[in-house]
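Student: This structure is in structure tokens; I'll ask about it shortly.
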Amino acid sequence: MKFSVNWLADILQQSLAADQLAEQLTAAGLEVDSVTPAAAEFSGVVVATVIACEAHPDADRLRVCQVDYGQPEAVQIVCGAPNARVGLRAPLATVGAVLPGDFKIKPARLRGVESQGMLCSAKELGLAEDTAGLLELSEDAPLGTGLREWLKLDDAIIELELTPNRADCLSLRGLAREVSALAGQAYSADVIPSIPPANNARFDIAIDEPVDCPRYAGRIIQQLNPRAATPTWMQERLRRCGLRSKSPLVDITNYILLELGQPLHAFDLDKLTGGEGRVPVLGVRRARAGEQLTLLNELAVELQPDHLIITADDRPEAMAGLMGGLATAVAATTTSVLLESAWFNPAMIMGRSRNLGVTSDAAHRFERGVDPSIQLQALERATELLLQICGGEPGPICVLEHPEQLPQPPQIRFRLARCNALLGMQLEAERVTSILAALGMQLEHQADGIWQVTPPSARLDIALEVDLIEEVARVHGFEHIPDQLPAGALALQPKPESILPRRRLESLCVDLGYQEAVSYSFIDRQWLAAFGLAETAIELANPISQELAVMRPALLPGLVAAVQRNLRKYTGQQRGTVRLFEIGTVFNTGSDGSGSIETQRLALAACGRRLPEQWQLDDKHSALDFFTFKGDLEAVLQYADGELSFAPAQRGFLHPGQSADILLRTADKVTLCIGWLGRLHPGLDKQLDLDAPLFVAELELDKVTAGRLPEFHKSSKFPAIRRDLALIVSEDISAQQVLETVRAHAGEHLKTVFLFDVYTGPGVESGYKSLAIGLILQDDYQTLTDETADEFETRVLTGLQQDHDIRRRD
């Protein structure tokens with residue numbers, strides 16, 4: 001929000017120092033982004049008028065002008081501006097003047113003709129970045145007066161970085177109320193006079209969506225002068241607020257936007273009626289599928305059912321609260337207009353401009369909330385300015401409203417004791433009430449130190465007692481609140497020893513060579529669709545962009561995207577090798593398809609080499625594979641409370657032969673699936689342009705960190721015995737099943753069982769494989785004999801034979 005300090009001072013009828021004002025606003029929570037001069041430094045420039053203009057005798061594009069600037073004699077100026085003409089009032093830089101950039105004006109001869117100064121454009125005076133000719137001044141500009149003094153260019157422009165809740169400060173009236181309150185004074189806005197109608201030009205209104213538009217008003221004004229020009233004072237105020245002057249009709253609606261904060265829209269009445277004379281019924285409704293509308297910026301929009309539109313006899317003519325339609329836009333020839341002033345529900349406007357890629361000052365205000373009480377005042381003020389500048393005959397104001405749907409100011413119970421307790425200081429009742437009254441609050445005394453407070457209609461951000469306390473703190477001054485350390489008894493919360501600290505888990509991943517990644521909780525739906533996860537994604541009501549439009553249902557897509565980016569950047573010895581992990585929240589719908597469930601997960605992703613590049617290993621033997629990655633997972637899960645196992649699983653985004661569910665068997669004999677791991681599907685590898693296989697995993701964080709307390713186990717002083725078994729096993733039976741069967745039949749003497757070789761080929765019939773397993777046997781109280789080991793071996797082989805038809809290899 002940019003504004004002119006002089007304009008604000010005129011409203012308040014007091015002088016303001018720009019630097020002091022900026023400091024006050026920032027201290028009150030309205031952050032000042034910049035303070036800049038309204039115009040560059042220049043001197044010797046006065047108001048002048050062209051009294052004669054002839055073609056240059058030796059140059060087609062130059063004019064020789066006689067210029068009156070309030071002195072006894074006119075001066076001759078050679079000018080090349082296309083708009084130089086008799087009667088034009090423009091700035092004249094006299095001989096000796098200094099223009100921006102320290103450019104000094106001297107007498108000159110241009111193509112043999114003397115020139116005693118220079119007629120100036122807005123760009124040459126530092127008032128605009130580009131220009132089509134001389135700066136045209138209004139006819140009431142007094143000749144010979146210094147341009148700087150007449151335009152009051154010794155002004156400052158303050159730009160505010162407003163938070164979305166302070167929509168009331170998106171107008172000069174709102175800023176005046178704020179500055180008055182900071183000065184300890186109540187602001188009284190000027191009364192806007194009601195303009196009596198000069199004719200009976202009416203129109204009908206139909207509102208199909210009263211919740212989205214509870215008030216719609218308008219006024220027809222005819223017999224406008226199309227040759228009227230926007231006065232210089234209005235052009236300057238608009239310029240200093242960051243808006244370029246276009247035409248009187250557009251400038252007046254923009255002026256009201258800045259002055260009162262109410263967006264207006266002007267329809268060309270002749271275009272709206274189609275030349276038939278009958279004013280159509282203006283309607284407010286939701287768009288229908290298939291309807292189209294070309295906006296003022298010439299963007300053709302395919303309307304959606306969630307778009308609120310303005311219609312003329314049910315024909316779409318404007319997007320409510322966003323932008324008008326090109327077909328009924330005002331032009332230089334417009335002589336009759338229909339002015340629109342409405343209140344639109346912020347929830348209906350919010351996010352629409354971003355989704356369409358269209359920005360407008362109107363949408364910026366409507367989506368934050370416009371004062372619901374000023375629609376008719378804005379029409380009256382716009383009518384007043386139009387009659388002053390363009391003449392015309394106004395009709396009566398036509399309005400249709402549903403007051404029950406308009407926001408009503410809340411009645412808030414305010415307690416002085418609560419205010420002082422929260423602020424940590426003792427404010428007097430008189431000081432608090434004066435602050436609230438200066439902010440436009442209505443106070444009704446109820447008891448000692450208690451009031452019922454009603455905020456002004458423009459303050460849609462005030463709803464609770466703490467909001468009022470914040471207002472008191474802002475205006476009183478945060479710097480006046482004493483510094484105090486918090487006091488109170490702190491209770492130490494128990495920290496279970498069995499829970500693995502998150503920091504320790506992160507260290508485990510780092511020790512394994514992984515780097516931590518942090519990705520957005522929002523993600524692109526199309527990116528999720530590549531992994532088959534888009535159906536369960538929760539859509540955002542007001543997304544930042546289409547690329548961040550849904551909540552992530554899994555960490556995998558974001559982590560894979562991070563791997564992609566890192567692969568493009570990695571160089572040197574470890575190029576092509578990336579190992580990342582992330583701990584974060586995922587969001588899924590409830591079992592009934594409604595609501596959302598947030599869970600914490602751990603995800604890992606790795607590709608490239610399992611060992612650094614070296615002369616002893618070639619690429620084939622140093623490449624990361626499924627089992628190496630599975631080993632990393634087992635290391636991460638080494639503290640998990642239960643027995644870990646893996647079971648083949650099928651997931652659409654994983655390789656069908658290299659994927660598994662991660663199972664955890666708890667102490668109460670319940671087997672839980674706590675996650676999955678596997679190689680990314682080759683089709684996805686190709687789609688994502690990955691040169692090497694990418695291995696990924698995702699686990700429920702609470703199952704990973706739910707560890708077990710350390711237990712003491714006495715080391716046996718008796719020697720261990722190792723027995724190796726070579727087994728013929730069907731291809732359908734996994735090594736995991738074999739090991740679990742061995743444990744089930746082994747008894748108490750088995751300390752460890754592990755797989756150390758897998759063989760298929762000559763000597764092993766088709767459909768079978770040879771597994772070599774090692775068994776470590778030990779007793780805590782005696783040395784095991786060969787007879788005991790033989791009995792153990794027989795028992796294990798019998799169990800394998802009975803359960804899986806596994807036999808010993810000869």
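In the structure tokens, chains take the letters A, B, ... in the order shown, each chain's residues start at 1, and ligands count up from 1 in the order shown.
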Skip region 479-483 of chain A itself and residues of its chain fewer than 6 positions away, then list as a list in words all residues within 9 Å of it, counting only C-alpha atoms.
Tutor: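 Here the qualifying residues turn out to be Ala27, Leu423, Gly424, Met425 and Ala473 of chain A.
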Student: If we count only C-alpha atoms, what is near Gly261 (chain A) at a cut-off of 9 Å, once residues fewer than 5 positions away on the same chain are taken out, given as a list in words?
Tutor: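 Residues near the query, excluding close chain neighbours: Ala167, Asp168, Cys169, Leu170, Ser171, Leu172, Arg173, Gly174, Ile256, Arg365, Val370, Asp371, Ile374 and Ala378 of chain A.
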Student: If we count only C-alpha atoms, what is near region 182-194 of chain A at a cut-off of 9 Å, once residues fewer than 2 positions away on the same chain are taken out, given as a PyMOL selection string?
Tutor: chain A and resi 11-12+24-25+28+173+176-180+196+377-378+380-381+384+434-435+437-440+474-477
Student: For region 399-408 of chain A, please output as a list of chain:residue names all residues within 7 Å (counting only C-alpha atoms; exclusion window: fewer than 3 positions along the same chain).
Tutor: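 My list of contacting residues is A:Ile205, A:Pro210, A:Val211, A:Pro214, A:Arg215, A:Tyr216, A:Ala217, A:Gly218, A:Pro372.
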Student: Would you save the residues of that selection, restricted to all heavy atoms, as a compact mmCIF listing (two decimals), in the first residue's frame?
Tutor:
```txt
# COMPACT_ATOMS: atom_id res chain seq x y z
N ILE A 205 -32.11 -5.40 -9.93
CA ILE A 205 -30.99 -6.22 -9.44
C ILE A 205 -31.54 -7.56 -8.98
O ILE A 205 -32.61 -7.62 -8.35
CB ILE A 205 -30.25 -5.53 -8.28
CG1 ILE A 205 -29.75 -4.14 -8.70
CG2 ILE A 205 -29.08 -6.38 -7.79
CD1 ILE A 205 -29.22 -3.30 -7.54
N PRO A 210 -26.96 -14.71 -1.99
CA PRO A 210 -26.89 -13.65 -0.96
C PRO A 210 -25.76 -13.84 0.04
O PRO A 210 -25.30 -12.87 0.63
CB PRO A 210 -28.26 -13.73 -0.28
CG PRO A 210 -28.77 -15.10 -0.58
CD PRO A 210 -28.22 -15.46 -1.91
N VAL A 211 -25.30 -15.08 0.25
CA VAL A 211 -24.16 -15.30 1.16
C VAL A 211 -22.89 -14.73 0.55
O VAL A 211 -22.07 -14.14 1.25
CB VAL A 211 -24.00 -16.80 1.47
CG1 VAL A 211 -22.74 -17.05 2.30
CG2 VAL A 211 -25.23 -17.32 2.21
N PRO A 214 -24.09 -10.07 -0.23
CA PRO A 214 -25.28 -9.62 0.50
C PRO A 214 -25.72 -8.19 0.16
O PRO A 214 -26.81 -7.79 0.55
CB PRO A 214 -24.86 -9.72 1.97
CG PRO A 214 -23.38 -9.78 1.97
CD PRO A 214 -22.92 -10.21 0.64
N ARG A 215 -24.88 -7.42 -0.53
CA ARG A 215 -25.28 -6.06 -0.91
C ARG A 215 -24.72 -5.74 -2.29
O ARG A 215 -23.53 -5.89 -2.54
CB ARG A 215 -24.79 -5.03 0.10
CG ARG A 215 -25.12 -3.58 -0.32
CD ARG A 215 -24.59 -2.57 0.68
NE ARG A 215 -25.38 -2.61 1.92
CZ ARG A 215 -24.84 -2.50 3.13
NH1 ARG A 215 -23.53 -2.39 3.25
NH2 ARG A 215 -25.61 -2.53 4.20
N TYR A 216 -25.62 -5.27 -3.17
CA TYR A 216 -25.21 -4.83 -4.51
C TYR A 216 -25.95 -3.53 -4.81
O TYR A 216 -27.18 -3.46 -4.72
CB TYR A 216 -25.56 -5.89 -5.57
CG TYR A 216 -24.95 -5.61 -6.93
CD1 TYR A 216 -23.70 -6.12 -7.26
CD2 TYR A 216 -25.62 -4.82 -7.86
CE1 TYR A 216 -23.13 -5.86 -8.50
CE2 TYR A 216 -25.06 -4.56 -9.10
CZ TYR A 216 -23.81 -5.08 -9.41
OH TYR A 216 -23.24 -4.81 -10.63
N ALA A 217 -25.19 -2.50 -5.14
CA ALA A 217 -25.78 -1.18 -5.39
C ALA A 217 -25.18 -0.60 -6.66
O ALA A 217 -24.09 -0.98 -7.09
CB ALA A 217 -25.53 -0.25 -4.20
N GLY A 218 -25.90 0.34 -7.25
CA GLY A 218 -25.39 0.98 -8.46
C GLY A 218 -26.16 2.26 -8.75
O GLY A 218 -27.21 2.55 -8.16
N PRO A 372 -18.11 -3.26 5.29
CA PRO A 372 -19.45 -3.53 4.74
C PRO A 372 -20.43 -2.38 4.87
O PRO A 372 -21.60 -2.52 4.48
CB PRO A 372 -19.92 -4.74 5.56
CG PRO A 372 -19.20 -4.61 6.85
CD PRO A 372 -17.86 -4.00 6.53
```
Student: What are the nearest atom pairs, with distances in Å to one decimal, for all residues of region 532-629 of chain A that come at most 12 Å from region 350-361 of chain A, using only C-alpha atoms, set out by chain and rising residue number as a tab-separated table?
Tutor:
```
residue	atom	partner	partner_atom	distance
A:Leu540	CA	A:Gly351	CA	10.7
A:Ala541	CA	A:Gly351	CA	8.3
A:Asn542	CA	A:Gly351	CA	5.5
A:Pro543	CA	A:Gly351	CA	7.4
A:Ile544	CA	A:Arg354	CA	8.0
A:Ser545	CA	A:Asn355	CA	7.4
A:Gln546	CA	A:Asn355	CA	7.6
A:Glu547	CA	A:Asn355	CA	11.3
A:Leu548	CA	A:Asn355	CA	11.9
A:Ala549	CA	A:Asn355	CA	10.4
```
Student: Would you list the contacts of Ile469 (chain A) as a list in words, taking every protein, DNA or RNA residue within 10 Å and counting only C-alpha atoms, but skipping same-chain residues closer than 6 positions in sequence?
Tutor: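 With the cut-off at 10 Å, the set is Phe414, Arg415, Leu416, Arg418, Cys419, Asn420, Leu422, Leu423, Val432 and Leu436 of chain A.
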Student: Output all heavy atoms for every residue in that selection, as an mmCIF file, in the first residue's frame.
Tutor:
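What ended up in result00.cif:
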```cif
data_model
loop_
_atom_site.group_PDB
_atom_site.id
_atom_site.type_symbol
_atom_site.label_atom_id
_atom_site.label_comp_id
_atom_site.auth_asym_id
_atom_site.auth_seq_id
_atom_site.Cartn_x
_atom_site.Cartn_y
_atom_site.Cartn_z
ATOM 1 N N PHE A 414 -14.712 -6.673 27.516
ATOM 2 C CA PHE A 414 -13.313 -6.278 27.737
ATOM 3 C C PHE A 414 -13.095 -6.008 29.222
ATOM 4 O O PHE A 414 -13.831 -5.233 29.848
ATOM 5 C CB PHE A 414 -12.988 -5.020 26.927
ATOM 6 C CG PHE A 414 -11.577 -4.536 27.101
ATOM 7 C CD1 PHE A 414 -10.540 -5.100 26.387
ATOM 8 C CD2 PHE A 414 -11.289 -3.510 27.999
ATOM 9 C CE1 PHE A 414 -9.246 -4.660 26.560
ATOM 10 C CE2 PHE A 414 -9.994 -3.066 28.181
ATOM 11 C CZ PHE A 414 -8.964 -3.642 27.455
ATOM 12 N N ARG A 415 -12.065 -6.677 29.780
ATOM 13 C CA ARG A 415 -11.761 -6.546 31.206
ATOM 14 C C ARG A 415 -10.395 -5.883 31.370
ATOM 15 O O ARG A 415 -9.393 -6.371 30.821
ATOM 16 C CB ARG A 415 -11.758 -7.919 31.867
ATOM 17 C CG ARG A 415 -13.107 -8.638 31.834
ATOM 18 C CD ARG A 415 -12.956 -10.119 32.111
ATOM 19 N NE ARG A 415 -12.220 -10.786 31.037
ATOM 20 C CZ ARG A 415 -11.808 -12.063 31.087
ATOM 21 N NH1 ARG A 415 -12.074 -12.792 32.162
ATOM 22 N NH2 ARG A 415 -11.148 -12.585 30.086
ATOM 23 N N LEU A 416 -10.356 -4.834 32.117
ATOM 24 C CA LEU A 416 -9.095 -4.131 32.356
ATOM 25 C C LEU A 416 -8.103 -5.027 33.072
ATOM 26 O O LEU A 416 -6.900 -5.010 32.752
ATOM 27 C CB LEU A 416 -9.361 -2.865 33.183
ATOM 28 C CG LEU A 416 -8.128 -2.024 33.539
ATOM 29 C CD1 LEU A 416 -7.435 -1.519 32.286
ATOM 30 C CD2 LEU A 416 -8.517 -0.863 34.454
ATOM 31 N N ARG A 418 -7.790 -8.239 32.915
ATOM 32 C CA ARG A 418 -7.239 -9.216 31.962
ATOM 33 C C ARG A 418 -6.216 -8.544 31.055
ATOM 34 O O ARG A 418 -5.173 -9.119 30.736
ATOM 35 C CB ARG A 418 -8.376 -9.816 31.138
ATOM 36 C CG ARG A 418 -7.952 -10.833 30.087
ATOM 37 C CD ARG A 418 -7.259 -12.012 30.699
ATOM 38 N NE ARG A 418 -6.952 -13.040 29.705
ATOM 39 C CZ ARG A 418 -6.066 -14.007 29.888
ATOM 40 N NH1 ARG A 418 -5.388 -14.097 31.031
ATOM 41 N NH2 ARG A 418 -5.849 -14.893 28.948
ATOM 42 N N CYS A 419 -6.516 -7.324 30.624
ATOM 43 C CA CYS A 419 -5.592 -6.573 29.773
ATOM 44 C C CYS A 419 -4.263 -6.361 30.482
ATOM 45 O O CYS A 419 -3.181 -6.627 29.924
ATOM 46 C CB CYS A 419 -6.228 -5.242 29.391
ATOM 47 S SG CYS A 419 -5.152 -4.150 28.435
ATOM 48 N N ASN A 420 -4.312 -5.905 31.726
ATOM 49 C CA ASN A 420 -3.084 -5.652 32.469
ATOM 50 C C ASN A 420 -2.315 -6.934 32.757
ATOM 51 O O ASN A 420 -1.079 -6.953 32.758
ATOM 52 C CB ASN A 420 -3.403 -4.923 33.778
ATOM 53 C CG ASN A 420 -3.798 -3.477 33.548
ATOM 54 O OD1 ASN A 420 -3.401 -2.878 32.552
ATOM 55 N ND2 ASN A 420 -4.579 -2.908 34.455
ATOM 56 N N LEU A 422 -2.231 -9.670 30.855
ATOM 57 C CA LEU A 422 -1.569 -10.143 29.643
ATOM 58 C C LEU A 422 -0.397 -9.255 29.247
ATOM 59 O O LEU A 422 0.623 -9.740 28.748
ATOM 60 C CB LEU A 422 -2.566 -10.218 28.487
ATOM 61 C CG LEU A 422 -3.514 -11.411 28.474
ATOM 62 C CD1 LEU A 422 -4.427 -11.357 27.252
ATOM 63 C CD2 LEU A 422 -2.751 -12.729 28.478
ATOM 64 N N LEU A 423 -0.532 -7.944 29.463
ATOM 65 C CA LEU A 423 0.534 -7.025 29.062
ATOM 66 C C LEU A 423 1.630 -6.912 30.111
ATOM 67 O O LEU A 423 2.706 -6.386 29.822
ATOM 68 C CB LEU A 423 -0.053 -5.638 28.776
ATOM 69 C CG LEU A 423 -1.059 -5.554 27.622
ATOM 70 C CD1 LEU A 423 -1.498 -4.116 27.402
ATOM 71 C CD2 LEU A 423 -0.456 -6.123 26.340
ATOM 72 N N VAL A 432 -6.866 3.285 28.751
ATOM 73 C CA VAL A 432 -7.338 2.182 27.905
ATOM 74 C C VAL A 432 -8.568 2.607 27.113
ATOM 75 O O VAL A 432 -8.663 2.375 25.898
ATOM 76 C CB VAL A 432 -7.635 0.937 28.763
ATOM 77 C CG1 VAL A 432 -8.320 -0.134 27.924
ATOM 78 C CG2 VAL A 432 -6.354 0.388 29.361
ATOM 79 N N LEU A 436 -9.122 2.915 22.937
ATOM 80 C CA LEU A 436 -10.154 2.197 22.199
ATOM 81 C C LEU A 436 -11.113 3.160 21.508
ATOM 82 O O LEU A 436 -11.530 2.934 20.368
ATOM 83 C CB LEU A 436 -10.924 1.274 23.148
ATOM 84 C CG LEU A 436 -10.109 0.112 23.741
ATOM 85 C CD1 LEU A 436 -10.953 -0.674 24.741
ATOM 86 C CD2 LEU A 436 -9.579 -0.806 22.648
#
```
Student: Can you pull out every residue from region 423-593 of chain A that DSSP, working from the backbone, puts in strand (DSSP E), and format the result as an NGL selection string?
Tutor: :A and (442-447 or 450-454 or 515-516 or 522-523 or 538-539 or 550-551 or 578-588)
Student: Name the residues in contact with region 330-340 of chain A at a cut-off of 6 Å, using only C-alpha atoms, excluding same-chain residues fewer than 2 positions from it; report them as a list in words.
Tutor: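 These residues fall inside the cut-off: Ala217, Gly218, Arg219, Ile220, Ile221, Gln222, Gln223, Leu224, Pro226, Leu264, His265, Ala266, Phe267, Asp268 and Leu269 of chain A.
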Student: Excluding Ile157 (chain A) and residues on its chain fewer than 6 positions from it, collect all residues at most 9 Å away from it, counting only C-alpha atoms, and give them as a list in words.
Tutor: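 Listing them by chain and then by number gives Lys2, Phe3, Ser4, Val5, Asn6, Ala18, Ser34, Val35, Thr36, Pro37, Ala38, Arg240 and Cys241 of chain A.
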Student: Based on the selection just made, write N, CA, C and O atoms of those residues as an mmCIF file, in the first residue's frame.
Tutor:
```
data_model
loop_
_atom_site.group_PDB
_atom_site.id
_atom_site.type_symbol
_atom_site.label_atom_id
_atom_site.label_comp_id
_atom_site.auth_asym_id
_atom_site.auth_seq_id
_atom_site.Cartn_x
_atom_site.Cartn_y
_atom_site.Cartn_z
ATOM 1 N N LYS A 2 0.828 2.010 -1.093
ATOM 2 C CA LYS A 2 1.564 3.270 -1.178
ATOM 3 C C LYS A 2 0.600 4.425 -0.910
ATOM 4 O O LYS A 2 -0.553 4.386 -1.338
ATOM 5 N N PHE A 3 1.094 5.441 -0.242
ATOM 6 C CA PHE A 3 0.264 6.621 -0.055
ATOM 7 C C PHE A 3 1.134 7.862 0.052
ATOM 8 O O PHE A 3 2.320 7.796 0.394
ATOM 9 N N SER A 4 0.509 8.990 -0.268
ATOM 10 C CA SER A 4 1.174 10.282 -0.199
ATOM 11 C C SER A 4 0.998 10.869 1.191
ATOM 12 O O SER A 4 -0.121 10.939 1.712
ATOM 13 N N VAL A 5 2.101 11.291 1.795
ATOM 14 C CA VAL A 5 2.027 11.903 3.128
ATOM 15 C C VAL A 5 1.199 13.183 3.070
ATOM 16 O O VAL A 5 0.412 13.470 3.977
ATOM 17 N N ASN A 6 1.342 13.977 1.991
ATOM 18 C CA ASN A 6 0.565 15.211 1.870
ATOM 19 C C ASN A 6 -0.935 14.939 1.783
ATOM 20 O O ASN A 6 -1.752 15.688 2.343
ATOM 21 N N ALA A 18 7.360 12.971 7.413
ATOM 22 C CA ALA A 18 7.366 11.624 6.838
ATOM 23 C C ALA A 18 8.162 10.636 7.684
ATOM 24 O O ALA A 18 7.696 9.524 7.969
ATOM 25 N N SER A 34 9.263 1.349 2.678
ATOM 26 C CA SER A 34 10.141 2.375 2.118
ATOM 27 C C SER A 34 9.517 3.745 2.284
ATOM 28 O O SER A 34 8.294 3.886 2.389
ATOM 29 N N VAL A 35 10.380 4.759 2.330
ATOM 30 C CA VAL A 35 9.974 6.166 2.314
ATOM 31 C C VAL A 35 10.776 6.835 1.213
ATOM 32 O O VAL A 35 12.017 6.877 1.282
ATOM 33 N N THR A 36 10.099 7.309 0.168
ATOM 34 C CA THR A 36 10.789 7.892 -0.978
ATOM 35 C C THR A 36 10.197 9.258 -1.297
ATOM 36 O O THR A 36 9.023 9.515 -1.026
ATOM 37 N N PRO A 37 11.000 10.148 -1.889
ATOM 38 C CA PRO A 37 10.454 11.454 -2.283
ATOM 39 C C PRO A 37 9.445 11.303 -3.406
ATOM 40 O O PRO A 37 9.546 10.410 -4.245
ATOM 41 N N ALA A 38 8.465 12.205 -3.433
ATOM 42 C CA ALA A 38 7.422 12.147 -4.449
ATOM 43 C C ALA A 38 7.932 12.541 -5.823
ATOM 44 O O ALA A 38 7.331 12.196 -6.838
ATOM 45 N N ARG A 240 1.275 9.120 -7.039
ATOM 46 C CA ARG A 240 2.037 8.911 -5.811
ATOM 47 C C ARG A 240 1.601 7.653 -5.064
ATOM 48 O O ARG A 240 2.330 7.152 -4.216
ATOM 49 N N CYS A 241 0.422 7.151 -5.394
ATOM 50 C CA CYS A 241 -0.046 5.890 -4.804
ATOM 51 C C CYS A 241 0.224 4.700 -5.729
ATOM 52 O O CYS A 241 -0.262 3.584 -5.476
#
```
Student: Where in region 106-259 of chain A does DSSP assign alpha helix (DSSP H), given as a PyMOL selection string?
Tutor: chain A and resi 147-150+172-182+232-240+248-259
Student: Rank A:Thr666, A:Ile412, A:His804, A:Gln493 by their smallest atom-to-atom distance to Val453 (chain A), using only C-alpha atoms, and report the top residue only.
Tutor: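 Smallest separation from Val453 (chain A) among the options: A:Ile412.
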